[in-house]
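One structure is given below, encoded as structure tokens.
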Amino acid sequence: MYSYLRVLRRAYEQGRFKGDRTGTGCYSIFGDQIRHNMADGFPLVTTRQLRIGAIVKELLWFINGDTNINDPSMGGCKIWDHWALKSDTYEVKHMSLDELMHECAQKGKVTLPEVVNYYRAMYALESLTNTPDVALQKTRVAMANRFEVDDSPRQVLVGKAGSIGPMYGKQWRDFEGVDQLKEAINLLRVDPNSRRNVVSAWNPKYLPDPSKSIEDNILDGKMALAPCHALFQFCAMPLSDQERFALLAERAPVMSGLVEGLFDRHGDVKDPASHAYQQAIEALDLHKIPGHILSLQLYQRSADLPVGVCFNIASYALLLILVANELNMALGDYVHSFGDAHIYSNQLTGVKEQLSRTPGRLPRIKLHCPVGKSIFDIEVSDIELVGYDPQPAIDYPIAI
């Protein structure tokens, strides 16, 4: 991963010192990019050891749309422990009007429309002689008495232990009612030429208030942190016949003799009408050779280069692998674009050590699942990291 080390070195040598949200201080650069050809291997940093298990679990957690570190998909992964609610949090308050109406229907053994009609009639009557707030309160009392419901304040769970608020998984799978991830995959399937395969985690409605604590933001229904890896985009490109035949020869060596001599030195088919060419075309379908190559670009608006970015690169590269497998597409490029890329002031010693190391050979990902398996059905056991031989871990502090 020389491209990653290049960005890390640039921040280390050229970064300007600035303050930050955590109060730690950091050395920042703005705007850079990593481009990695997935054919060269899986982009997992080798100049320090990373835990692939944590990366896999976190990604599947996002894919499932989960936002609580105690969800089964997280499988004990500790990545988000610093930012999650430490315990269940309760408030004493009245039921919402909607909750009260549903309970009235249940206790009174009537339909919800009947309760709504009763509410409207009583509110209209009370509004003749009272202000709106008083009319609402008196209507609630009348409803509670009519349907024998206890409308006194009660202890209500407002924050579940382990929650990080409506962050990545929530926005990927339910962005104001839109399942962005599912729609992106479906669009790649039906219209691979589309340029609209974008999934955004940046939802201003749920951004945290910087003047409040992480816990208070979560309890207010906000995100624990503003999303760092803000959005990503898929791009599918058609493979040429020559590229597809090369894949055929690679995946089915017995067919390699069939495709030899079909193209001239310019890459054009010598004789499209030849029997050999027609046989080769049929073999592409028989062996399910992809017709497209899939790439993914991530935009990261805020990037902790020594710690978070290494995980993010591997996570989104793995997402690319899983989606390409579902759609039977070849792997193209993983592109990582940076906004503010930084090194915290307490990470400099570790960065110096990491920059002194020489990257090793990249590992690869082996999938133990059939081509076409939905990413929403992928399990940890479907993913195996092969050939990872990293240098020793570096104990980087985390700025919270």
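Ordering of the structure tokens sets the chain letters (A, B, ...), residue numbers begin anew at 1 in every chain, and ligands are numbered from 1 in the order given.
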
**Report entry** Residues within 7 Å of range 58-67 of chain A, only C-alpha atoms, excluding chain neighbours under 6 positions, as a list in words
**Finding:**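 The contact residues come out as Ser73, Met74, Ser163, Ile164, Gly165, Pro166, Met167, Tyr168, Gly169, Lys170, Trp172, Arg173, Ser315 and Phe376 of chain A.
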
How close does each residue of range 344-395 of chain A get to range 180-186 of chain A, giving the shortest atom pair and distance in Å to one decimal for every residue with an atom at most 12 Å away, counting only C-alpha atoms, sorted by chain and residue number, as a tab-separated table?
residue	atom	partner	partner_atom	distance
A:Gly372	CA	A:Ile185	CA	11.8
A:Ser374	CA	A:Ile185	CA	9.7
A:Ile375	CA	A:Lys182	CA	9.5
A:Phe376	CA	A:Lys182	CA	9.0

If you take only C-alpha atoms and a cut-off of 12 Å, which residues of range 202-242 of chain A touch range 87-101 of chain A, and what are their nearest atom pairs and distances in Å to one decimal, in chain and number order, as CSV?
residue,atom,partner,partner_atom,distance
A:Glu215,CA,A:Thr89,CA,9.9
A:Asp216,CA,A:Thr89,CA,10.6
A:Ile218,CA,A:Thr89,CA,10.5
A:Leu219,CA,A:Thr89,CA,8.1
A:Asp220,CA,A:Thr89,CA,11.6

Report task. Excluding Ala226 in chain A and residues on its chain fewer than 6 positions from it, collect all residues at most 10 Å away from it, counting only C-alpha atoms, and give them as a list in words. Result -> Met167, Tyr168, Ala201, Trp202, Asn203, Pro204, Tyr206, Leu207, Pro208, Asp209, Pro210, Arg301 and Ser302 of chain A

Would you write out those residues with N, CA, C and O atoms, as a short mmCIF file (atom, residue, chain, number, x, y, z; two decimals), in the first residue's frame?
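selection-v2.cif, freshly written:
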data_model
loop_
_atom_site.label_atom_id
_atom_site.label_comp_id
_atom_site.auth_asym_id
_atom_site.auth_seq_id
_atom_site.Cartn_x
_atom_site.Cartn_y
_atom_site.Cartn_z
N MET A 167 -26.49 6.40 12.58
CA MET A 167 -25.28 6.60 11.79
C MET A 167 -25.25 5.73 10.53
O MET A 167 -26.27 5.47 9.93
N TYR A 168 -24.09 5.26 10.13
CA TYR A 168 -23.88 4.65 8.82
C TYR A 168 -24.94 3.62 8.41
O TYR A 168 -25.57 3.75 7.36
N ALA A 201 -24.02 8.72 3.65
CA ALA A 201 -24.23 8.63 5.10
C ALA A 201 -24.42 10.02 5.70
O ALA A 201 -24.69 10.15 6.90
N TRP A 202 -24.28 11.05 4.87
CA TRP A 202 -24.32 12.44 5.35
C TRP A 202 -25.76 12.94 5.29
O TRP A 202 -26.27 13.34 4.26
N ASN A 203 -26.43 12.90 6.43
CA ASN A 203 -27.82 13.35 6.53
C ASN A 203 -27.87 14.50 7.54
O ASN A 203 -27.82 14.28 8.75
N PRO A 204 -27.95 15.76 7.06
CA PRO A 204 -27.88 16.92 7.95
C PRO A 204 -28.93 16.89 9.07
O PRO A 204 -28.70 17.47 10.13
N TYR A 206 -29.65 14.63 11.06
CA TYR A 206 -29.22 13.88 12.24
C TYR A 206 -27.79 14.20 12.68
O TYR A 206 -27.25 13.51 13.53
N LEU A 207 -27.19 15.24 12.11
CA LEU A 207 -25.84 15.59 12.52
C LEU A 207 -25.83 16.04 13.98
O LEU A 207 -26.73 16.75 14.43
N PRO A 208 -24.82 15.64 14.76
CA PRO A 208 -24.79 15.99 16.18
C PRO A 208 -24.54 17.48 16.40
O PRO A 208 -23.90 18.15 15.59
N ASP A 209 -25.05 17.98 17.51
CA ASP A 209 -24.80 19.35 17.93
C ASP A 209 -23.41 19.38 18.58
O ASP A 209 -23.20 18.73 19.61
N PRO A 210 -22.45 20.11 18.01
CA PRO A 210 -21.08 20.09 18.55
C PRO A 210 -20.97 20.66 19.96
O PRO A 210 -19.97 20.42 20.64
N ARG A 301 -14.65 12.83 4.30
CA ARG A 301 -14.51 14.27 4.57
C ARG A 301 -13.54 14.52 5.70
O ARG A 301 -12.90 15.57 5.77
N SER A 302 -13.42 13.57 6.65
CA SER A 302 -12.50 13.71 7.77
C SER A 302 -11.79 12.38 7.97
O SER A 302 -12.45 11.35 8.16
#

Report task. Please run DSSP on the backbone and report, as an MDAnalysis selection string, all residues within range 45-237 of chain A that come out as strand (DSSP E or B). Result -> chainID A and resid 68 89:93 154:159 163 175 178 198:200 229:237
